[in-house]
>>> print(open('coords25.cif').read())   # mmCIF, C-alpha atoms
data_input
#
loop_
_atom_site.label_atom_id
_atom_site.label_comp_id
_atom_site.auth_asym_id
_atom_site.auth_seq_id
_atom_site.Cartn_x
_atom_site.Cartn_y
_atom_site.Cartn_z
CA MET A 27 5.20 23.04 5.17
CA THR A 28 5.42 26.84 5.07
CA ARG A 29 2.98 28.76 2.89
CA GLN A 30 4.01 31.74 0.85
CA THR A 31 1.49 34.44 0.19
CA ALA A 32 1.36 37.75 -1.60
CA ALA A 33 -0.80 40.82 -1.38
CA PRO A 34 -3.72 40.91 -3.86
CA ARG A 35 -3.19 42.82 -7.07
CA PRO A 36 -5.14 46.06 -7.55
CA GLN A 37 -8.66 45.43 -8.70
CA GLY A 38 -8.46 47.54 -11.83
CA GLU A 39 -6.11 45.10 -13.48
CA ARG A 40 -8.58 42.20 -13.35
CA GLN A 41 -11.13 40.89 -15.79
CA PRO A 42 -14.25 39.79 -13.84
CA ALA A 43 -15.24 36.28 -14.81
CA ALA A 44 -15.12 34.02 -11.78
CA PRO A 45 -17.88 31.37 -11.53
CA ALA A 46 -20.47 32.01 -8.86
CA SER A 47 -20.03 28.54 -7.37
CA ALA A 48 -16.30 28.87 -6.79
CA SER A 49 -16.48 29.23 -3.02
CA ALA A 50 -18.55 26.08 -2.74
CA ALA A 51 -15.89 24.11 -4.60
CA ALA A 52 -13.32 25.04 -2.00
CA SER A 53 -15.26 23.51 0.88
CA ALA A 54 -14.36 20.20 2.49
CA SER A 55 -17.56 18.45 1.45
CA THR A 56 -17.40 15.23 -0.57
CA PRO A 57 -16.42 16.14 -4.12
CA ALA A 58 -17.97 15.06 -7.40
CA PRO A 59 -14.66 14.74 -9.25
CA SER A 60 -16.32 14.23 -12.60
CA PRO A 61 -18.55 17.31 -12.92
CA GLU A 62 -20.66 16.13 -15.80
CA SER A 63 -24.29 17.00 -16.36
CA LYS A 64 -26.72 17.08 -13.45
CA PRO A 65 -28.12 13.70 -12.34
CA ALA A 66 -31.56 14.43 -13.75
CA LYS A 67 -30.15 14.83 -17.26
CA ARG A 68 -28.65 11.35 -17.20
CA GLY A 69 -31.39 9.57 -15.27
CA ILE A 70 -29.26 9.35 -12.15
CA THR A 71 -31.07 9.33 -8.81
CA ALA A 72 -29.87 10.78 -5.53
CA VAL A 73 -28.97 7.29 -4.30
CA ASP A 74 -26.97 6.52 -7.46
CA LEU A 75 -25.07 9.75 -6.98
CA ARG A 76 -24.44 9.00 -3.31
CA ILE A 77 -22.87 5.63 -4.18
CA TYR A 78 -20.85 7.21 -6.98
CA ARG A 79 -19.49 9.96 -4.73
CA ALA A 80 -18.79 7.55 -1.87
CA VAL A 81 -16.63 5.34 -4.10
CA VAL A 82 -14.84 8.33 -5.65
CA SER A 83 -14.13 9.80 -2.21
CA ALA A 84 -12.82 6.45 -0.94
CA VAL A 85 -10.59 6.07 -4.00
CA MET A 86 -9.22 9.62 -3.77
CA SER A 87 -8.52 9.12 -0.06
CA HIS A 88 -6.81 5.79 -0.82
CA ARG A 89 -9.29 3.84 1.32
CA LEU A 90 -10.21 1.74 -1.73
CA PRO A 91 -6.96 0.67 -3.42
CA PRO A 92 -6.75 -0.48 -7.05
CA GLY A 93 -7.89 -4.05 -7.64
CA THR A 94 -10.48 -3.99 -4.83
CA ARG A 95 -13.56 -5.96 -5.82
CA LEU A 96 -16.83 -4.04 -5.50
CA GLY A 97 -19.58 -6.59 -5.04
CA GLU A 98 -23.11 -5.55 -5.99
CA ALA A 99 -24.55 -7.42 -3.01
CA ASP A 100 -22.31 -5.44 -0.64
CA PHE A 101 -23.64 -2.14 -1.99
CA CYS A 102 -27.22 -3.39 -1.81
CA GLU A 103 -26.74 -4.23 1.86
CA LEU A 104 -24.84 -1.04 2.72
CA TYR A 105 -27.29 1.34 1.03
CA GLN A 106 -30.48 -0.73 1.15
CA VAL A 107 -31.04 -0.40 -2.59
CA SER A 108 -31.70 -2.72 -5.53
CA ARG A 109 -29.06 -4.18 -7.83
CA THR A 110 -30.44 -2.01 -10.63
CA THR A 111 -29.60 1.13 -8.64
CA VAL A 112 -26.12 -0.18 -7.82
CA ARG A 113 -25.43 -1.06 -11.45
CA LYS A 114 -26.28 2.47 -12.58
CA ALA A 115 -23.72 3.88 -10.16
CA LEU A 116 -21.11 1.31 -11.19
CA GLN A 117 -21.66 2.06 -14.88
CA ARG A 118 -21.01 5.74 -14.27
CA LEU A 119 -17.88 4.93 -12.27
CA ALA A 120 -16.66 2.74 -15.15
CA HIS A 121 -17.41 5.52 -17.64
CA ASP A 122 -15.16 7.82 -15.62
CA HIS A 123 -12.37 5.18 -15.47
CA ILE A 124 -12.56 4.93 -11.69
CA ILE A 125 -13.52 1.26 -11.79
CA GLU A 126 -13.41 -1.52 -14.37
CA LEU A 127 -16.28 -3.88 -15.16
CA ARG A 128 -14.60 -7.23 -15.84
CA PRO A 129 -16.29 -10.33 -17.26
CA ASN A 130 -16.83 -13.04 -14.65
CA ARG A 131 -15.33 -10.83 -11.93
CA GLY A 132 -17.67 -7.86 -11.77
CA ALA A 133 -16.56 -4.40 -10.70
CA VAL A 134 -13.08 -3.68 -9.40
CA VAL A 135 -11.26 -0.43 -8.66
CA ALA A 136 -9.18 0.32 -11.76
CA SER A 137 -5.49 -0.64 -11.78
CA PRO A 138 -3.64 1.68 -14.17
CA SER A 139 -0.47 0.37 -15.83
CA PRO A 140 2.85 2.28 -15.68
CA GLN A 141 2.41 3.45 -19.28
CA GLU A 142 -1.13 4.60 -18.56
CA ALA A 143 0.21 6.48 -15.53
CA ARG A 144 2.70 8.35 -17.72
CA ASP A 145 0.01 9.11 -20.30
CA VAL A 146 -2.44 10.41 -17.69
CA PHE A 147 0.13 12.71 -16.11
CA ALA A 148 1.20 14.01 -19.53
CA ALA A 149 -2.44 14.78 -20.35
CA ARG A 150 -2.94 16.48 -17.01
CA ARG A 151 0.12 18.68 -17.46
CA ALA A 152 -1.14 19.73 -20.87
CA LEU A 153 -4.56 20.51 -19.45
CA GLU A 154 -3.33 22.49 -16.45
CA ARG A 155 -1.01 24.51 -18.69
CA GLU A 156 -4.20 25.78 -20.35
CA ILE A 157 -6.18 26.15 -17.12
CA VAL A 158 -3.73 28.25 -15.09
CA PRO A 159 -3.50 31.23 -17.50
CA LEU A 160 -7.31 31.34 -17.62
CA VAL A 161 -7.45 31.44 -13.82
CA VAL A 162 -5.00 34.35 -13.84
CA ARG A 163 -6.94 36.16 -16.56
CA HIS A 164 -10.31 35.75 -14.84
CA ALA A 165 -9.09 36.30 -11.27
CA THR A 166 -11.35 38.37 -9.00
CA PRO A 167 -11.39 39.00 -5.24
CA ALA A 168 -14.02 36.26 -4.91
CA SER A 169 -11.99 33.68 -6.83
CA LEU A 170 -8.84 34.50 -4.86
CA ARG A 171 -10.79 34.06 -1.61
CA ALA A 172 -12.01 30.67 -2.85
CA ILE A 173 -8.46 29.53 -3.59
CA ARG A 174 -7.24 30.74 -0.21
CA ALA A 175 -10.12 28.90 1.51
CA ALA A 176 -9.05 25.71 -0.27
CA LEU A 177 -5.47 26.23 0.94
CA ASP A 178 -6.68 26.80 4.49
CA ALA A 179 -8.68 23.56 4.38
CA GLU A 180 -5.58 21.66 3.23
CA GLU A 181 -3.48 23.17 5.99
CA GLN A 182 -6.08 22.33 8.61
CA ALA A 183 -6.11 18.70 7.48
CA ARG A 184 -2.29 18.61 7.49
CA ARG A 185 -2.03 20.03 10.99
CA GLY A 186 -4.67 17.61 12.22
CA GLY A 187 -2.75 14.66 10.80
CA ASP A 188 -5.71 13.70 8.59
CA ARG A 189 -3.75 12.42 5.60
CA ALA A 190 -6.75 10.93 3.78
CA ASN A 191 -8.59 14.24 3.88
CA TRP A 192 -5.43 16.13 2.95
CA ILE A 193 -5.02 13.98 -0.16
CA ARG A 194 -8.64 14.53 -1.14
CA LEU A 195 -8.38 18.29 -0.61
CA GLY A 196 -5.19 18.38 -2.68
CA GLY A 197 -7.15 16.98 -5.61
CA GLU A 198 -10.01 19.39 -4.97
CA PHE A 199 -7.59 22.32 -5.15
CA HIS A 200 -6.82 21.44 -8.76
CA LEU A 201 -10.51 20.90 -9.52
CA LEU A 202 -11.22 24.36 -8.14
CA LEU A 203 -8.67 25.90 -10.51
CA ALA A 204 -10.40 24.13 -13.39
CA GLU A 205 -13.73 25.59 -12.27
CA LEU A 206 -12.24 29.08 -11.97
CA SER A 207 -10.88 28.84 -15.51
CA GLY A 208 -14.42 29.41 -16.76
CA ASN A 209 -14.08 26.59 -19.33
CA ALA A 210 -16.61 23.83 -18.66
CA VAL A 211 -14.93 21.37 -21.05
CA LEU A 212 -11.55 21.70 -19.35
CA GLN A 213 -13.32 21.34 -16.00
CA ARG A 214 -14.97 18.09 -17.07
CA PHE A 215 -11.71 16.62 -18.36
CA MET A 216 -9.93 17.63 -15.16
CA GLY A 217 -12.53 15.80 -13.12
CA GLU A 218 -11.62 12.55 -14.83
CA LEU A 219 -7.86 13.16 -14.74
CA VAL A 220 -7.76 14.04 -11.04
CA SER A 221 -9.62 10.83 -10.19
CA ARG A 222 -7.30 8.77 -12.38
CA CYS A 223 -4.22 10.45 -10.92
CA SER A 224 -5.44 9.55 -7.45
CA LEU A 225 -5.66 5.91 -8.53
CA ILE A 226 -2.17 6.08 -9.98
CA ILE A 227 -0.78 7.60 -6.80
CA ALA A 228 -2.52 4.90 -4.73
CA VAL A 229 -0.66 2.27 -6.77
CA TYR A 230 2.77 3.77 -7.24
CA GLU A 231 3.56 6.31 -4.52
CA THR A 232 5.48 5.32 -1.40
CA PRO A 233 2.96 4.82 1.45
CA GLY A 234 2.74 7.84 3.72
CA ALA A 235 4.08 10.33 1.18
CA PRO A 236 1.93 13.45 0.62
CA MET A 237 0.20 13.83 -2.72
CA CYS A 238 0.67 17.59 -3.09
CA GLY A 239 3.04 20.01 -1.46
CA ASN A 240 0.94 22.70 0.19
CA HIS A 241 3.76 25.23 -0.19
CA GLU A 242 3.57 24.87 -3.97
CA HIS A 243 -0.17 25.51 -3.88
CA GLY A 244 0.52 28.62 -1.82
CA ASP A 245 3.23 29.74 -4.24
CA LEU A 246 0.79 29.25 -7.10
CA LEU A 247 -1.80 31.45 -5.41
CA ALA A 248 0.83 34.17 -4.96
CA LEU A 249 1.60 34.11 -8.69
CA ILE A 250 -2.09 34.21 -9.59
CA GLU A 251 -2.57 37.21 -7.30
CA GLN A 252 0.33 38.96 -9.01
CA GLY A 253 -0.96 38.15 -12.49
CA GLN A 254 2.19 36.19 -13.35
CA ALA A 255 0.68 33.70 -15.83
CA ALA A 256 3.93 32.44 -17.36
CA GLN A 257 5.53 31.81 -13.97
CA ALA A 258 2.34 30.14 -12.72
CA VAL A 259 2.37 27.76 -15.70
CA GLU A 260 6.01 26.94 -15.03
CA LEU A 261 5.22 26.20 -11.39
CA ILE A 262 2.24 23.95 -12.12
CA GLU A 263 4.36 22.00 -14.60
CA HIS A 264 7.12 21.54 -12.01
CA HIS A 265 4.53 20.63 -9.36
CA LEU A 266 3.00 17.83 -11.44
CA LEU A 267 6.39 16.53 -12.59
CA ALA A 268 7.49 16.34 -8.95
CA ILE A 269 4.42 14.29 -8.04
CA GLU A 270 5.06 11.92 -10.95
CA ALA A 271 8.74 11.62 -9.99
CA ARG A 272 7.76 10.27 -6.55
CA LEU A 273 5.97 7.30 -8.09
CA HIS A 274 7.42 3.78 -8.05
CA LEU A 275 6.45 0.93 -10.34
CA ASP A 276 6.42 -1.68 -7.60
CA THR A 277 2.98 -2.28 -6.12
CA VAL A 278 1.81 -3.78 -2.87
CA GLU A 279 -1.51 -5.54 -2.85
CA ARG A 280 -3.73 -5.18 0.20
CA LYS A 281 -7.25 -6.32 0.94
CA VAL A 282 -9.88 -3.99 2.32
CA ASN A 283 -13.35 -4.27 3.77
CA LEU A 284 -15.82 -2.40 1.57
CA ALA A 285 -18.08 -1.43 4.47
CA GLU A 286 -15.15 0.04 6.39
CA ALA A 287 -13.82 1.90 3.33
CA LEU A 288 -17.19 3.54 2.68
CA ALA A 289 -18.04 4.22 6.33
CA GLY A 290 -19.57 7.64 6.75
CA CYS A 291 -19.97 8.23 3.00
#
>>> encode(input="coords25.cif", output="structure tokens")
Amino acid sequence: MTRQTAAPRPQGERQPAAPASASAAASASTPAPSPESKPAKRGITAVDLRIYRAVVSAVMSHRLPPGTRLGEADFCELYQVSRTTVRKALQRLAHDHIIELRPNRGAVVASPSPQEARDVFAARRALEREIVPLVVRHATPASLRAIRAALDAEEQARRGGDRANWIRLGGEFHLLLAELSGNAVLQRFMGELVSRCSLIIAVYETPGAPMCGNHEHGDLLALIEQGQAAQAVELIEHHLLAIEARLHLDTVERKVNLAEALAGC
């Protein structure tokens, strides 16, 4: 896909407010799609967080499809931890709607219904309509560089044929915009919605189809650089509607090996 870019707008027309951590969010490291409070504030250990992020990454990359059973014993063996540690991570994943804790079956990757899919995408469109104008308003040279770095990472994954990483980075692009909005509440909600959208796409999108069109991300950056908030909102709405339009209600069940899905995480 061809990117479209535009020259940065003169600095005097900006309001400085970009978060200091923006550039870090644009990297290709494993994301924490639900940016809630720090682990210490919720009694979460480094190992709990590692398991949480490994599952989220595998879900966002479609390596763990909906309905996959997540056995506690498997996690204990993979990470050499106790069941108590595993249960803490699973409870957090359930809180963020990434998995479901079912009686007599344990933990499974969540399987959103068609109606839930529509509701989640409607909520995400509403949220991103609020986020994009804030990104435009608070744009700085640093924030624009962070967005461009995220685009470059997507393009590198696309050219390398790494679809799983491309999908993950597409979600991270939207999380970065939420961070750059400067609104921590919107950022937290976006973390949940991006994860849930990834689940929905894993269920309903035709296998092999890209999650996000890179050219639309590039077009969005151009509008942000030009300070065109209304046009940027219109584009993000069209972008999300196009993703939703590619979804199909027929599902194909497939079994996966948990150890293989989490390899390297």
>>> closest_atom_pairs(input="coords25.cif", of="stretch 202-264 of chain A", to="stretch 114-136 of chain A", cutoff="12 Å", atoms="all atoms listed in the file", output="CSV")
residue,atom,partner,partner_atom,distance
A:Arg214,CA,A:Asp122,CA,10.4
A:Phe215,CA,A:Asp122,CA,9.8
A:Met216,CA,A:Asp122,CA,11.1
A:Gly217,CA,A:Asp122,CA,8.8
A:Glu218,CA,A:Asp122,CA,6.0
A:Leu219,CA,A:Asp122,CA,9.1
A:Val220,CA,A:Ile124,CA,10.3
A:Ser221,CA,A:Ile124,CA,6.8
A:Arg222,CA,A:Ile124,CA,6.5
A:Cys223,CA,A:Ile124,CA,10.0
A:Ser224,CA,A:Ile124,CA,9.5
A:Leu225,CA,A:Ala136,CA,7.4
A:Ile226,CA,A:Ala136,CA,9.2
A:Ala228,CA,A:Ala136,CA,10.7
A:Val229,CA,A:Ala136,CA,10.1
>>> closest_residue(input="coords25.cif", among="A:Ile227, A:Ile173, A:Leu212, A:Leu96", to="A:Val146", atoms="all atoms listed in the file")
A:Ile227
>>> resolve_selection(input="coords25.cif", expression="the PyMOL selection byres ((chain A and resi 261-275) around 6)", output="PyMOL selection string")
chain A and resi 230-231+258-260+276
>>> axis_aligned_box(input="coords25.cif", around="stretch 176-179 of chain A", padding_each_side="3 Å", output="AutoDock Vina command-line options")
--center_x -7.3 --center_y 25.2 --center_z 2.1 --size_x 9.6 --size_y 9.2 --size_z 10.8
>>> resolve_selection(input="coords25.cif", expression="the PyMOL selection byres ((chain A and resi 154) around 10)", output="JSON, numbers by chain")
{"A": [149, 150, 151, 152, 153, 155, 156, 157, 158, 159, 160, 200, 203, 204, 207, 212, 216, 259, 262, 263, 266]}
>>> write_last_selection(input="coords25.cif", atoms="C-alpha atoms", output="short mmCIF file (atom, residue, chain, number, x, y, z; two decimals), in the coordinates of the input")
data_model
loop_
_atom_site.label_atom_id
_atom_site.label_comp_id
_atom_site.auth_asym_id
_atom_site.auth_seq_id
_atom_site.Cartn_x
_atom_site.Cartn_y
_atom_site.Cartn_z
CA ALA A 149 -2.44 14.78 -20.35
CA ARG A 150 -2.94 16.48 -17.01
CA ARG A 151 0.12 18.68 -17.46
CA ALA A 152 -1.14 19.73 -20.87
CA LEU A 153 -4.56 20.51 -19.45
CA ARG A 155 -1.01 24.51 -18.69
CA GLU A 156 -4.20 25.78 -20.35
CA ILE A 157 -6.18 26.15 -17.12
CA VAL A 158 -3.73 28.25 -15.09
CA PRO A 159 -3.50 31.23 -17.50
CA LEU A 160 -7.31 31.34 -17.62
CA HIS A 200 -6.82 21.44 -8.76
CA LEU A 203 -8.67 25.90 -10.51
CA ALA A 204 -10.40 24.13 -13.39
CA SER A 207 -10.88 28.84 -15.51
CA LEU A 212 -11.55 21.70 -19.35
CA MET A 216 -9.93 17.63 -15.16
CA VAL A 259 2.37 27.76 -15.70
CA ILE A 262 2.24 23.95 -12.12
CA GLU A 263 4.36 22.00 -14.60
CA LEU A 266 3.00 17.83 -11.44
#
>>> closest_residue(input="coords25.cif", among="A:Val85, A:Ala255, A:Val112, A:Ile250", to="A:Gly97", atoms="all atoms listed in the file")
A:Val112
>>> atom_distance(input="coords25.cif", atom1="atom CA of A:Ala168", atom2="atom CA of A:Leu206")
10.2 Å
>>> atom_distance(input="coords25.cif", atom1="atom CA of A:Val81", atom2="atom CA of A:Glu242")
28.1 Å
>>> atom_distance(input="coords25.cif", atom1="atom CA of A:Arg95", atom2="atom CA of A:Gly187")
28.6 Å
>>> resolve_selection(input="coords25.cif", expression="the PyMOL selection byres ((chain A and resi 176) around 8)", output="compact mmCIF listing (two decimals) with C-alpha atoms, keeping the file's coordinate frame")
# COMPACT_ATOMS: atom_id res chain seq x y z
CA ALA A 52 -13.32 25.04 -2.00
CA SER A 53 -15.26 23.51 0.88
CA ALA A 172 -12.01 30.67 -2.85
CA ILE A 173 -8.46 29.53 -3.59
CA ARG A 174 -7.24 30.74 -0.21
CA ALA A 175 -10.12 28.90 1.51
CA LEU A 177 -5.47 26.23 0.94
CA ASP A 178 -6.68 26.80 4.49
CA ALA A 179 -8.68 23.56 4.38
CA GLU A 180 -5.58 21.66 3.23
CA LEU A 195 -8.38 18.29 -0.61
CA GLU A 198 -10.01 19.39 -4.97
CA PHE A 199 -7.59 22.32 -5.15
